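Read the structure below first, then the notes.
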Amino acid sequence: MKSIYIGETPLEAHIVKDLIESAGIAAVIRGENLFGVRGGLPISAETAPSVWVAEADYERAQALVDEMLRTESRAPEGTSWRCPQCGEYLDPQFTACWQCGAPRPDNA
């Protein structure tokens, strides 16, 4: 077995595992039980929740994970904007201010 992904939380590891398994690749999570003792045990690549696949499936699984990470890292289209009511800076995907609820101006 080879490690394909190291998550910060068990939830991240399960998302990746589900992605891999949806492509017909068997995967297991290791280290998720150690997450509850973080603080008392250093979280490292060896103890963090990680997803593992058979060596024969590694390249195909790695391509899936790489595509997922590329998709996540894409910045939203548009530009950030500032709420005219409270001055909060907001990312382009928001159509209303999360701080005060004011709608995004048409020119933002």
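To be explicit about the labels: the chains of the structure tokens are called A, B, and onward in the order shown, and within each one the residues are counted from 1, while ligands get numbers from 1 in the order they are shown.
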**OP:** Excluding Cys83 of chain A and any residue of its chain fewer than 4 positions from it, enumerate the residues within 9 Å of it, using only C-alpha atoms, and give them as a ChimeraX atom specification.
**Re:** /A:87-90,96-97,99-100,102-105
Subject >> Who sits within 9 Å of Ile6 of chain A, only C-alpha atoms, same chain under 6 positions skipped, as a PyMOL selection string >> reply: chain A and resi 12-13+45-46+48-51
Original post:
With only C-alpha atoms as the basis for distance, which of A:His14, A:Ala56, A:Lys2, A:Thr9 is at the shortest distance from Leu34 of chain A?
Top reply: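 Result for the nearest residue to Leu34 of chain A: A:Thr9.
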**OP:** Using backbone DSSP assignments, extract all strand (DSSP E or B) residues from chain A; output them as a VMD selection string.
**Re:** chain A and resid 2 to 6 27 to 30 38 41 50 to 53 81 to 82 89 to 90 96 103
**OP:** Would you mind writing down, as a ChimeraX atom specification, each residue of chain A that DSSP on the backbone assigns to helix (DSSP H, G or I)?
**Re:** /A:10-22,32-37,55-73
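In this structure, atom CA of Asp57 of chain A sits 6.8 Å away from atom CA of Ile25 of chain A.
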